[in-house]
Amino acid sequence: MTSRADVCVLACAEAFRGDGEILAAGIGGAVTVLAARLARLTFEPDLLTHDGVCLLTDDVPALGRPPEVVEGWLPFRDHLWLVLNGRRHVMLGASQIDRHGNTNISCIGDWARPKAQLLGVRGAPGNTRCDPTSYWIPRHTPRVFVPRVDMVSGLGTDRGAYDLRRVVTNLAVLDFATPDGSMRLASVHPGVSVAEVVAATGFELTVPAEVPVTREPTAAELDVLDRLDPGRAREREVAA
C-alpha cells in the first residue's frame with residue numbers, strides 16, 4: 001500500500017527530472033536524500049548523488065550504510081565550483097516561506113532581538129542565487145507559509161532567485177509558474193483537498209481551475225524505495 005511518505009519522496013524526486021548531469025543534493029532529512037537517489041536509479045540516471053564528498057555509482061546504498069563502490073571524490077573547492085556555476089540542484093528546508101519563495105532559516109521575530117535563533121543563513125543565499133533550488137516542508141501550516149518571512153535567508157522570485165523549481169509539503173506540490181512568480185498550487189496529494197491546502201497557507205495561493213492529484217509511485221519505484229529505505233525512515237519525517 002502506498003503511503004503519504006512514499007508520495008512525498010516521489011514528488012521531491014520529480015523536482016530533479018530533466019536535470020541531466022548535475023549534482024543532486026538532498027539536505028535536511030531522509031525524504032530529500034531518498035528523492036535524489038530515487039531519481040538517479042529510475043528516470044534520471046545521469047544525476048550525480050553523493051554522501052558527504054563521495055560521488056556514488058549506480059550501487060547506491062540504503063540509508064545509513066556505506067557505499068560499496070565510490071565513483072570519485074569531490075574536494076570541497078570543486079563542490080563550491082559546482083555551486084557557483086549552477087551545477088547543483090539542492091533541495092532545502094525552511095522554517096518560513098512566503099508567496100514568492102523567500103525563505104527563512106535564521107531567526108523568528110525581529111532580527112535585532114529575535115524570539116528564537118535558528119540555523120543562520122548558511123548557504124541559502126548562494127544556493128538560491130546560483131543554482132536550481134527546491135524545498136521540502138514536512139509540515140504545511142500557516143506558521144511556515146507566511147505573508148512575510150522574518151528574515152530573508154534564501155532568495156525568492158522577487159529578489160533574484162536563479163531557478164526556484166517546486167515546494168513539496170506533506171499536503172501538496174507547489175510551484176511558481178505564474179506571471180508574477182508567486183506560488184501556485186500544482187497538485188494535491190491523494191486524500192487531500194484543495195480547501196485543506198488553502199486553509200494551511202498563510203497567504204493567497206494561485207489555485208488553477210483544475211488541480212491534479214500528485215502522482216503515486218509505480219511498483220518498480222516502490223521497490224527501489226524499499227531497497228533504499230528498508231527501515232522506512234521516511235514515514236517518521238512526514239506529518240500526518
# chains A, B, ... in the order shown; residues from 1 in each chain; ligands from 1
>>> residues_around(residues="A:Val211", least_positions_apart="3", cutoff="8 Å", atoms="only C-alpha atoms", output="PDB file with all heavy atoms, in the first residue's frame")
ATOM      1  N   LEU A 185      -0.601  26.385  -6.631  1.00  0.00           N
ATOM      2  CA  LEU A 185      -0.886  25.006  -6.238  1.00  0.00           C
ATOM      3  C   LEU A 185      -0.814  24.122  -7.470  1.00  0.00           C
ATOM      4  O   LEU A 185      -1.646  24.217  -8.373  1.00  0.00           O
ATOM      5  CB  LEU A 185      -2.272  24.926  -5.589  1.00  0.00           C
ATOM      6  CG  LEU A 185      -2.712  23.549  -5.077  1.00  0.00           C
ATOM      7  CD1 LEU A 185      -1.720  22.975  -4.081  1.00  0.00           C
ATOM      8  CD2 LEU A 185      -4.103  23.641  -4.454  1.00  0.00           C
ATOM      9  N   ALA A 186       0.200  23.259  -7.536  1.00  0.00           N
ATOM     10  CA  ALA A 186       0.409  22.414  -8.713  1.00  0.00           C
ATOM     11  C   ALA A 186      -0.326  21.088  -8.608  1.00  0.00           C
ATOM     12  O   ALA A 186      -0.803  20.554  -9.611  1.00  0.00           O
ATOM     13  CB  ALA A 186       1.901  22.165  -8.920  1.00  0.00           C
ATOM     14  N   SER A 187      -0.391  20.518  -7.397  1.00  0.00           N
ATOM     15  CA  SER A 187      -1.140  19.273  -7.199  1.00  0.00           C
ATOM     16  C   SER A 187      -1.380  19.080  -5.710  1.00  0.00           C
ATOM     17  O   SER A 187      -0.659  19.634  -4.863  1.00  0.00           O
ATOM     18  CB  SER A 187      -0.383  18.061  -7.766  1.00  0.00           C
ATOM     19  OG  SER A 187       0.774  17.767  -6.998  1.00  0.00           O
ATOM     20  N   VAL A 188      -2.398  18.314  -5.396  1.00  0.00           N
ATOM     21  CA  VAL A 188      -2.668  17.911  -4.012  1.00  0.00           C
ATOM     22  C   VAL A 188      -2.393  16.424  -3.889  1.00  0.00           C
ATOM     23  O   VAL A 188      -2.622  15.653  -4.823  1.00  0.00           O
ATOM     24  CB  VAL A 188      -4.118  18.230  -3.586  1.00  0.00           C
ATOM     25  CG1 VAL A 188      -4.339  19.728  -3.518  1.00  0.00           C
ATOM     26  CG2 VAL A 188      -5.134  17.596  -4.534  1.00  0.00           C
ATOM     27  N   VAL A 194      -8.195  20.640  -1.969  1.00  0.00           N
ATOM     28  CA  VAL A 194      -7.682  21.982  -2.231  1.00  0.00           C
ATOM     29  C   VAL A 194      -7.966  22.890  -1.043  1.00  0.00           C
ATOM     30  O   VAL A 194      -7.118  23.697  -0.632  1.00  0.00           O
ATOM     31  CB  VAL A 194      -8.297  22.553  -3.517  1.00  0.00           C
ATOM     32  CG1 VAL A 194      -7.946  24.032  -3.682  1.00  0.00           C
ATOM     33  CG2 VAL A 194      -7.833  21.764  -4.741  1.00  0.00           C
ATOM     34  N   VAL A 207      -4.659  29.270  -7.410  1.00  0.00           N
ATOM     35  CA  VAL A 207      -5.262  27.935  -7.497  1.00  0.00           C
ATOM     36  C   VAL A 207      -5.905  27.781  -8.878  1.00  0.00           C
ATOM     37  O   VAL A 207      -6.877  28.475  -9.188  1.00  0.00           O
ATOM     38  CB  VAL A 207      -6.319  27.719  -6.406  1.00  0.00           C
ATOM     39  CG1 VAL A 207      -6.941  26.330  -6.527  1.00  0.00           C
ATOM     40  CG2 VAL A 207      -5.700  27.903  -5.022  1.00  0.00           C
ATOM     41  N   PRO A 208      -5.374  26.910  -9.725  1.00  0.00           N
ATOM     42  CA  PRO A 208      -5.968  26.703 -11.051  1.00  0.00           C
ATOM     43  C   PRO A 208      -7.391  26.139 -10.944  1.00  0.00           C
ATOM     44  O   PRO A 208      -7.796  25.610  -9.893  1.00  0.00           O
ATOM     45  CB  PRO A 208      -5.027  25.682 -11.706  1.00  0.00           C
ATOM     46  CG  PRO A 208      -3.767  25.741 -10.912  1.00  0.00           C
ATOM     47  CD  PRO A 208      -4.166  26.098  -9.520  1.00  0.00           C
TER      48      PRO A 208
END
>>> residues_around(residues="A:Gly101", least_positions_apart="3", cutoff="6 Å", atoms="only C-alpha atoms", output="list of chain:residue names")
A:Ile97, A:Asp98, A:Gly156
>>> write_last_selection(atoms="N, CA and C atoms", output="PDB file, in the first residue's frame")
ATOM      1  N   ILE A  97       8.363  30.422   4.712  1.00  0.00           N
ATOM      2  CA  ILE A  97       8.434  30.669   3.273  1.00  0.00           C
ATOM      3  C   ILE A  97       7.259  31.554   2.885  1.00  0.00           C
ATOM      4  N   ASP A  98       7.494  32.525   1.976  1.00  0.00           N
ATOM      5  CA  ASP A  98       6.416  33.419   1.562  1.00  0.00           C
ATOM      6  C   ASP A  98       5.963  33.098   0.143  1.00  0.00           C
ATOM      7  N   GLY A 156      13.787  34.653  -3.050  1.00  0.00           N
ATOM      8  CA  GLY A 156      12.588  34.282  -3.791  1.00  0.00           C
ATOM      9  C   GLY A 156      12.620  34.839  -5.204  1.00  0.00           C
TER      10      GLY A 156
END
>>> residues_around(residues="A:Arg87", least_positions_apart="5", cutoff="12 Å", atoms="only C-alpha atoms", output="number ranges by chain")
A: 19-25, 47-48, 78-82, 127, 130-133, 162-163
>>> select_by_dssp(residues="stretch 70-156 of chain A", states="strand (DSSP E)", output="PyMOL selection string")
chain A and resi 70-73+88-92+96-97+103-104+107-108+116-117+132-137
